[in-house]
$ cat work.tsv   # TSV, C-alpha atoms
chain	number	residue	atom	x	y	z
Z	624	MET	CA	64.81	101.12	101.59
Z	625	ASN	CA	64.48	97.55	102.82
Z	626	LEU	CA	65.89	94.57	100.97
Z	627	ILE	CA	63.79	91.52	101.79
Z	628	VAL	CA	65.70	88.32	101.10
Z	629	TYR	CA	64.56	84.71	101.02
Z	630	ARG	CA	66.68	82.54	103.33
Z	631	SER	CA	66.87	78.77	103.34
Z	632	SER	CA	69.50	76.39	104.66
Z	633	GLY	CA	69.39	72.63	105.06
Z	634	PRO	CA	66.59	71.30	107.28
Z	635	HIS	CA	65.68	74.75	108.62
Z	636	LYS	CA	62.34	76.23	107.66
Z	637	PRO	CA	62.69	78.96	104.99
Z	638	ARG	CA	62.29	82.54	106.19
Z	639	TYR	CA	62.61	86.11	104.96
Z	640	ASP	CA	65.15	88.55	106.39
Z	641	SER	CA	64.92	92.30	105.97
Z	642	PHE	CA	67.98	94.53	105.60
Z	643	GLU	CA	68.04	98.31	105.51
Z	644	ILE	CA	69.99	99.59	102.51
Z	645	GLU	CA	71.08	103.13	101.73
Z	646	VAL	CA	70.44	103.39	98.01
Z	647	LYS	CA	73.14	105.11	95.98
Z	648	ARG	CA	72.92	106.21	92.37
Z	649	GLY	CA	73.44	103.26	90.02
Z	650	MET	CA	73.34	100.71	92.83
Z	651	THR	CA	72.18	97.27	91.68
Z	652	VAL	CA	70.45	94.44	93.51
Z	653	LEU	CA	73.75	92.55	93.38
Z	654	ASP	CA	75.52	95.53	94.97
Z	655	ALA	CA	72.94	95.47	97.77
Z	656	LEU	CA	73.45	91.74	98.33
Z	657	PHE	CA	77.20	92.29	98.56
Z	658	GLN	CA	76.62	95.05	101.10
Z	659	VAL	CA	74.49	92.71	103.22
Z	660	ARG	CA	77.04	89.90	103.00
Z	661	ASP	CA	80.05	92.13	103.69
Z	662	GLU	CA	78.59	94.31	106.43
Z	663	VAL	CA	75.69	92.48	108.07
Z	664	ASP	CA	75.48	88.72	107.45
Z	665	ASP	CA	78.35	86.88	105.82
Z	666	SER	CA	76.30	83.67	105.67
Z	667	LEU	CA	74.10	85.04	102.87
Z	668	SER	CA	74.55	82.89	99.76
Z	669	PHE	CA	73.99	83.91	96.15
Z	670	ARG	CA	75.61	83.19	92.81
Z	671	TYR	CA	77.45	85.73	90.64
Z	672	SER	CA	80.49	85.97	88.38
Z	673	CYS	CA	81.07	88.62	85.70
Z	674	ARG	CA	78.92	91.41	87.22
Z	675	GLY	CA	78.44	92.68	83.66
Z	676	ALA	CA	75.26	90.88	82.44
Z	677	VAL	CA	77.31	88.45	80.35
Z	678	CYS	CA	77.64	85.22	82.35
Z	679	GLY	CA	74.02	84.79	83.49
Z	680	SER	CA	75.05	83.55	86.95
Z	681	CYS	CA	73.05	86.01	89.05
Z	682	ALA	CA	69.55	85.40	87.70
Z	683	MET	CA	67.03	85.45	90.54
Z	684	LEU	CA	63.45	86.43	91.25
Z	685	ILE	CA	63.29	90.16	91.94
Z	686	ASN	CA	59.90	91.63	92.83
Z	687	GLY	CA	58.29	88.54	91.34
Z	688	ARG	CA	60.12	88.58	88.02
Z	689	PRO	CA	63.27	86.69	86.90
Z	690	MET	CA	66.06	89.25	86.38
Z	691	LEU	CA	69.83	89.55	86.47
Z	692	ALA	CA	70.77	91.06	89.84
Z	693	CYS	CA	73.87	92.68	88.34
Z	694	ARG	CA	71.94	94.83	85.87
Z	695	THR	CA	68.81	95.58	87.91
Z	696	GLN	CA	69.09	98.97	89.60
Z	697	LEU	CA	67.36	99.59	92.91
Z	698	GLU	CA	66.27	103.12	92.00
Z	699	LYS	CA	64.40	101.90	88.95
Z	700	LEU	CA	62.66	99.19	90.97
Z	701	LEU	CA	61.49	101.75	93.54
Z	702	GLU	CA	60.33	104.12	90.81
Z	703	GLN	CA	57.87	101.40	89.80
Z	704	ALA	CA	58.30	101.85	86.06
Z	705	PRO	CA	55.50	100.30	83.97
Z	706	GLU	CA	55.86	96.56	84.37
Z	707	LEU	CA	55.75	94.18	81.44
Z	708	LYS	CA	52.91	91.78	82.15
Z	709	LEU	CA	53.76	88.10	82.44
Z	710	ALA	CA	51.48	85.10	82.27
Z	711	PRO	CA	50.90	83.84	85.84
Z	712	PHE	CA	53.35	81.32	87.25
Z	713	PRO	CA	53.44	80.02	90.84
Z	714	ALA	CA	56.24	82.26	92.14
Z	715	ALA	CA	55.27	85.40	90.20
Z	716	LYS	CA	53.81	87.29	93.14
Z	717	GLY	CA	56.49	86.22	95.57
Z	718	ARG	CA	55.96	84.08	98.62
Z	719	MET	CA	55.25	87.06	100.86
Z	720	GLY	CA	53.88	90.56	100.61
Z	721	TYR	CA	56.07	93.67	100.35
Z	722	ASP	CA	55.69	97.42	99.89
Z	723	ALA	CA	57.06	98.15	96.41
Z	724	ASP	CA	57.49	101.85	97.30
Z	725	ILE	CA	60.17	101.20	99.90
Z	726	GLU	CA	61.04	97.50	99.62
Z	727	VAL	CA	62.63	95.12	97.12
Z	728	LEU	CA	61.90	91.41	97.39
Z	729	VAL	CA	64.63	89.00	96.29
Z	730	GLU	CA	64.00	85.25	95.97
Z	731	PRO	CA	65.68	82.29	94.28
Z	732	LEU	CA	64.94	81.50	90.64
Z	733	PRO	CA	61.78	79.34	90.43
Z	734	ASN	CA	61.48	75.82	89.02
Z	735	LEU	CA	64.92	74.83	90.34
Z	736	PRO	CA	65.82	73.30	93.76
Z	737	VAL	CA	67.22	75.76	96.29
Z	738	ILE	CA	70.69	74.91	97.57
Z	739	LYS	CA	70.95	77.76	100.05
Z	740	ASP	CA	69.29	81.18	100.17
Z	741	LEU	CA	69.38	82.56	96.61
Z	742	ALA	CA	71.62	79.86	95.10
Z	743	VAL	CA	69.75	77.21	93.12
Z	744	ASP	CA	70.77	73.85	91.70
Z	745	MET	CA	71.03	74.28	87.91
Z	746	THR	CA	71.59	70.57	87.21
Z	747	SER	CA	68.20	69.87	85.60
Z	748	PHE	CA	68.47	72.99	83.44
Z	749	PHE	CA	71.85	71.97	82.04
Z	750	GLU	CA	70.83	68.32	81.64
Z	751	LYS	CA	67.99	69.42	79.38
Z	752	LEU	CA	70.39	71.61	77.45
Z	753	GLU	CA	72.75	68.66	76.98
Z	754	GLN	CA	69.96	66.43	75.69
Z	755	VAL	CA	69.44	68.66	72.62
Z	756	GLU	CA	73.18	68.35	71.82
Z	757	PRO	CA	73.85	72.10	71.40
Z	758	TYR	CA	76.99	71.89	69.34
Z	759	LEU	CA	77.79	71.97	65.66
Z	760	VAL	CA	78.15	68.70	63.75
Z	761	PRO	CA	80.14	69.86	60.71
Z	762	LEU	CA	78.64	69.42	57.28
Z	763	ALA	CA	80.93	67.38	55.05
Z	764	PRO	CA	83.16	68.07	53.31
Z	765	ILE	CA	84.82	70.28	55.91
Z	766	PRO	CA	86.24	73.37	54.17
Z	767	GLU	CA	89.94	74.14	54.36
Z	768	ARG	CA	89.12	77.60	55.74
Z	769	GLU	CA	85.95	79.01	57.30
Z	770	TYR	CA	82.37	78.18	56.37
Z	771	MET	CA	80.68	80.94	54.40
Z	772	MET	CA	77.05	81.81	55.16
Z	773	GLU	CA	74.56	84.08	53.47
Z	774	ARG	CA	73.50	87.09	55.53
Z	775	LYS	CA	69.92	85.81	55.83
Z	776	PHE	CA	71.18	82.73	57.71
Z	777	VAL	CA	73.40	84.83	59.96
Z	778	ASN	CA	70.49	87.15	60.83
Z	779	GLU	CA	68.27	84.21	61.77
Z	780	LEU	CA	70.94	82.53	63.89
Z	781	GLU	CA	71.72	85.75	65.75
Z	782	LYS	CA	68.24	85.71	67.27
Z	783	PHE	CA	69.41	82.80	69.43
Z	784	THR	CA	73.19	83.02	69.77
Z	785	ASN	CA	72.98	85.71	72.47
Z	786	CYS	CA	71.63	83.25	75.06
Z	787	ILE	CA	73.76	83.43	78.24
Z	788	LEU	CA	72.14	80.37	79.90
Z	789	CYS	CA	70.90	82.37	82.88
Z	790	ALA	CA	67.72	80.23	83.09
Z	791	ALA	CA	65.48	83.28	83.58
Z	792	CYS	CA	63.18	81.86	80.90
Z	793	TYR	CA	63.15	78.49	82.67
Z	794	GLY	CA	62.18	80.18	85.94
Z	795	ALA	CA	59.37	82.20	84.35
Z	796	CYS	CA	57.85	79.34	82.36
Z	797	PRO	CA	54.46	78.13	83.67
Z	798	VAL	CA	54.93	74.83	81.83
Z	799	ASN	CA	58.24	74.15	83.58
Z	800	ALA	CA	56.48	74.91	86.88
Z	801	GLU	CA	53.88	72.23	86.18
Z	802	ASP	CA	55.93	69.64	84.30
Z	803	ALA	CA	59.48	68.86	85.41
Z	804	SER	CA	60.04	66.76	82.26
Z	805	TYR	CA	59.50	69.71	79.89
Z	806	THR	CA	62.70	70.41	77.95
Z	807	GLY	CA	62.24	74.13	78.56
Z	808	PRO	CA	62.53	77.29	76.46
Z	809	ALA	CA	66.31	77.77	76.57
Z	810	ALA	CA	67.15	74.23	75.44
Z	811	LEU	CA	64.47	74.24	72.74
Z	812	ALA	CA	65.73	77.57	71.41
Z	813	GLN	CA	69.21	76.06	71.13
Z	814	ALA	CA	67.83	72.95	69.44
Z	815	TYR	CA	66.22	75.17	66.82
Z	816	ARG	CA	69.33	77.33	66.50
Z	817	PHE	CA	71.42	74.32	65.42
Z	818	ALA	CA	68.60	72.86	63.34
Z	819	ILE	CA	68.62	75.92	61.08
Z	820	ASP	CA	72.40	76.31	60.95
Z	821	PRO	CA	73.41	75.60	57.33
Z	822	ARG	CA	76.79	74.31	58.55
Z	823	ASP	CA	75.22	71.49	60.59
Z	824	GLU	CA	74.54	68.12	58.96
Z	825	ARG	CA	71.87	67.07	61.47
Z	826	GLY	CA	69.40	69.90	60.92
Z	827	LYS	CA	66.24	67.94	60.14
Z	828	GLU	CA	67.12	65.26	62.67
Z	829	ARG	CA	67.44	67.86	65.44
Z	830	LEU	CA	63.81	68.96	65.12
Z	831	ALA	CA	62.63	65.36	65.26
Z	832	MET	CA	64.61	64.77	68.48
Z	833	GLU	CA	62.29	67.07	70.42
Z	834	ASP	CA	59.09	66.02	68.66
Z	835	LYS	CA	57.82	64.33	71.81
Z	836	PRO	CA	55.35	65.19	74.61
Z	837	SER	CA	58.02	66.93	76.70
Z	838	GLY	CA	59.49	68.83	73.74
Z	839	TRP	CA	58.02	71.19	71.13
Z	840	PRO	CA	54.36	70.14	71.69
Z	841	ALA	CA	54.47	70.95	75.42
Z	842	CYS	CA	54.85	74.70	74.91
Z	843	ARG	CA	51.64	76.71	75.42
Z	844	PHE	CA	53.08	79.99	74.16
Z	845	TYR	CA	52.76	82.03	77.34
Z	846	SER	CA	55.79	83.96	75.98
Z	847	ASN	CA	57.20	84.73	79.44
Z	848	CYS	CA	60.48	83.31	78.15
Z	849	HIS	CA	60.94	86.10	75.61
Z	850	LYS	CA	59.70	88.83	77.95
Z	851	VAL	CA	62.16	88.06	80.75
Z	852	CYS	CA	65.21	87.23	78.62
Z	853	PRO	CA	67.91	89.84	79.38
Z	854	LYS	CA	69.30	89.40	75.86
Z	855	GLY	CA	66.04	89.38	73.93
Z	856	VAL	CA	66.24	85.74	72.79
Z	857	PRO	CA	62.77	84.55	71.58
Z	858	PRO	CA	62.35	80.84	72.45
Z	859	ASN	CA	58.62	81.12	71.67
Z	860	TYR	CA	59.47	82.09	68.07
Z	861	ALA	CA	61.85	79.13	67.73
Z	862	ILE	CA	59.26	76.69	69.08
Z	863	SER	CA	56.59	78.07	66.78
Z	864	LYS	CA	58.82	77.73	63.71
Z	865	ALA	CA	59.87	74.20	64.70
Z	866	ARG	CA	56.29	73.07	65.19
Z	867	LYS	CA	55.26	74.58	61.88
Z	868	GLU	CA	58.06	72.82	60.00
Z	869	LEU	CA	57.33	69.48	61.63
Z	870	SER	CA	53.65	69.86	60.77
Z	871	GLU	CA	54.52	70.60	57.13
Z	872	ARG	CA	56.78	67.56	57.02
Z	873	GLU	CA	53.95	65.39	58.32
Z	874	LYS	CA	51.54	66.72	55.70
Z	875	GLY	CA	54.09	66.14	52.94
Z	876	ALA	CA	54.96	62.64	54.06

$ encode --input "work.tsv" --output "structure tokens"
Amino acid sequence: MNLIVYRSSGPHKPRYDSFEIEVKRGMTVLDALFQVRDEVDDSLSFRYSCRGAVCGSCAMLINGRPMLACRTQLEKLLEQAPELKLAPFPAAKGRMGYDADIEVLVEPLPNLPVIKDLAVDMTSFFEKLEQVEPYLVPLAPIPEREYMMERKFVNELEKFTNCILCAACYGACPVNAEDASYTGPAALAQAYRFAIDPRDERGKERLAMEDKPSGWPACRFYSNCHKVCPKGVPPNYAISKARKELSEREKGA
């Protein structure tokens, strides 16, 4: 098979390079990129860390869909399993054509500036995460031991605590593609996660923080965020619940 890789460096015009790969059982896209870097072109740049679908570092656009390179197997891509349909976003179809029977197209994660090849600048993603203040502000009085929570609260929080900050949702979001100021699905999901945490004293205030044009109201519920999340986190659900609660507050005011 051929691995077609987006290449970009400094002032040079972006291009696509093709590399012939001998596919082995269980081989992932990340394995293929390592093979290219180690055996063909050591200038190829991409980001990775744990190689176990935990850190989120290797999210990139694979055959037009944000995925983790470390858990995406080449064989399954070539088998062309039924594809989950996504709402259109600018980079969804890739920036060049390819034969899905014998080729795999790998591009950088959309909606983020490219540093080099497949490595993108995550600064704006993390800045938006920081603005929602994703950390617990303890509810007073602080207990001498651990906080105790009812199971119903734990179950609701667990919908969002699995986020690995890979930014796949950010890359697949049509709103982020159009509006750079949009807080984005990952950050909004974390804002909601802390807003509903019974241990946090700023719950109601947290929802109000993102009640602005670039926050909750900006979402159009394309739901790409949930579909591409490698951990099944549903930002669309969080945004819907937040908007509903804010609307009820306004009616009751």

$ residues_around --input "work.tsv" --residues "Lys850 (chain Z)" --least-positions-apart "6" --cutoff "9 Å" --atoms "all atoms listed in the file" --output "list in words"
Leu707, Lys708, Leu709, Cys792, Val856 and Pro857 of chain Z

$ residues_around --input "work.tsv" --residues "Phe749 (chain Z)" --least-positions-apart "5" --cutoff "9 Å" --atoms "all atoms listed in the file" --output "list in words"
Gln754, Leu788 and Ala810 of chain Z

$ residues_around --input "work.tsv" --residues "region 663-669 of chain Z" --least-positions-apart "6" --cutoff "12 Å" --atoms "all atoms listed in the file" --output "PyMOL selection string"
chain Z and resi 628-632+639-644+652-657+680-684+691-693+729-732+737-744

$ residues_near_point --input "work.tsv" --point "(57.5, 79.2, 79.7)" --cutoff "7 Å" --atoms "only C-alpha atoms" --output "list of chain:residue names"
Z:Cys792, Z:Tyr793, Z:Ala795, Z:Cys796, Z:Pro797, Z:Val798, Z:Asn799, Z:Pro808, Z:Tyr845, Z:Ser846, Z:Asn847, Z:Cys848

$ write_last_selection --input "work.tsv" --atoms "C-alpha atoms" --output "short mmCIF file (atom, residue, chain, number, x, y, z; two decimals), in the coordinates of the input"
data_model
loop_
_atom_site.label_atom_id
_atom_site.label_comp_id
_atom_site.auth_asym_id
_atom_site.auth_seq_id
_atom_site.Cartn_x
_atom_site.Cartn_y
_atom_site.Cartn_z
CA CYS Z 792 63.18 81.86 80.90
CA TYR Z 793 63.15 78.49 82.67
CA ALA Z 795 59.37 82.20 84.35
CA CYS Z 796 57.85 79.34 82.36
CA PRO Z 797 54.46 78.13 83.67
CA VAL Z 798 54.93 74.83 81.83
CA ASN Z 799 58.24 74.15 83.58
CA PRO Z 808 62.53 77.29 76.46
CA TYR Z 845 52.76 82.03 77.34
CA SER Z 846 55.79 83.96 75.98
CA ASN Z 847 57.20 84.73 79.44
CA CYS Z 848 60.48 83.31 78.15
#

$ closest_residue --input "work.tsv" --among "Z:Leu735, Z:Leu869, Z:Cys673, Z:Ala861" --to "Gly794 (chain Z)" --atoms "all atoms listed in the file"
Z:Leu735

$ atom_distance --input "work.tsv" --atom1 "CA of Gly633 (chain Z)" --atom2 "CA of Ser747 (chain Z)"
19.7 Å

$ closest_residue --input "work.tsv" --among "Z:Ala803, Z:Val659, Z:Ala865, Z:Leu626" --to "Arg816 (chain Z)" --atoms "all atoms listed in the file"
Z:Ala865

$ atom_distance --input "work.tsv" --atom1 "CA of Lys867 (chain Z)" --atom2 "CA of Leu759 (chain Z)"
23.0 Å

$ atom_distance --input "work.tsv" --atom1 "CA of Glu781 (chain Z)" --atom2 "CA of Thr746 (chain Z)"
26.3 Å

$ closest_residue --input "work.tsv" --among "Z:Gly807, Z:Pro858, Z:Pro733, Z:Pro637" --to "Glu833 (chain Z)" --atoms "only C-alpha atoms"
Z:Gly807

$ closest_residue --input "work.tsv" --among "Z:Arg638, Z:Arg688, Z:Lys854, Z:Arg694" --to "Val727 (chain Z)" --atoms "only C-alpha atoms"
Z:Arg688

$ closest_residue --input "work.tsv" --among "Z:Gly687, Z:Phe712, Z:Phe748, Z:Asp834" --to "Glu873 (chain Z)" --atoms "only C-alpha atoms"
Z:Asp834

$ axis_aligned_box --input "work.tsv" --around "region 635-646 of chain Z" --padding-each-side "6 Å" --output "JSON"
{"center_x": 66.7, "center_y": 89.1, "center_z": 103.3, "size_x": 20.8, "size_y": 40.6, "size_z": 22.6}

$ residues_around --input "work.tsv" --residues "Met745 (chain Z)" --least-positions-apart "5" --cutoff "9 Å" --atoms "all atoms listed in the file" --output "ChimeraX atom specification"
/Z:735-736,750,790

$ write_last_selection --input "work.tsv" --atoms "C-alpha atoms" --output "PDB file, keeping the file's coordinate frame"
ATOM      1  CA  LEU Z 735      64.920  74.830  90.340  1.00  0.00           C
ATOM      2  CA  PRO Z 736      65.820  73.300  93.760  1.00  0.00           C
ATOM      3  CA  GLU Z 750      70.830  68.320  81.640  1.00  0.00           C
ATOM      4  CA  ALA Z 790      67.720  80.230  83.090  1.00  0.00           C
TER       5      ALA Z 790
END

$ closest_residue --input "work.tsv" --among "Z:Pro711, Z:Lys874, Z:Arg768, Z:Val755" --to "Met832 (chain Z)" --atoms "all atoms listed in the file"
Z:Val755

$ residues_around --input "work.tsv" --residues "Val646 (chain Z)" --least-positions-apart "6" --cutoff "8 Å" --atoms "all atoms listed in the file" --output "list in words"
Met624, Leu697 and Glu698 of chain Z

$ write_last_selection --input "work.tsv" --atoms "C-alpha atoms" --output "mmCIF file, in the frame of the given file"
data_model
loop_
_atom_site.group_PDB
_atom_site.id
_atom_site.type_symbol
_atom_site.label_atom_id
_atom_site.label_comp_id
_atom_site.auth_asym_id
_atom_site.auth_seq_id
_atom_site.Cartn_x
_atom_site.Cartn_y
_atom_site.Cartn_z
ATOM 1 C CA MET Z 624 64.810 101.120 101.590
ATOM 2 C CA LEU Z 697 67.360 99.590 92.910
ATOM 3 C CA GLU Z 698 66.270 103.120 92.000
#
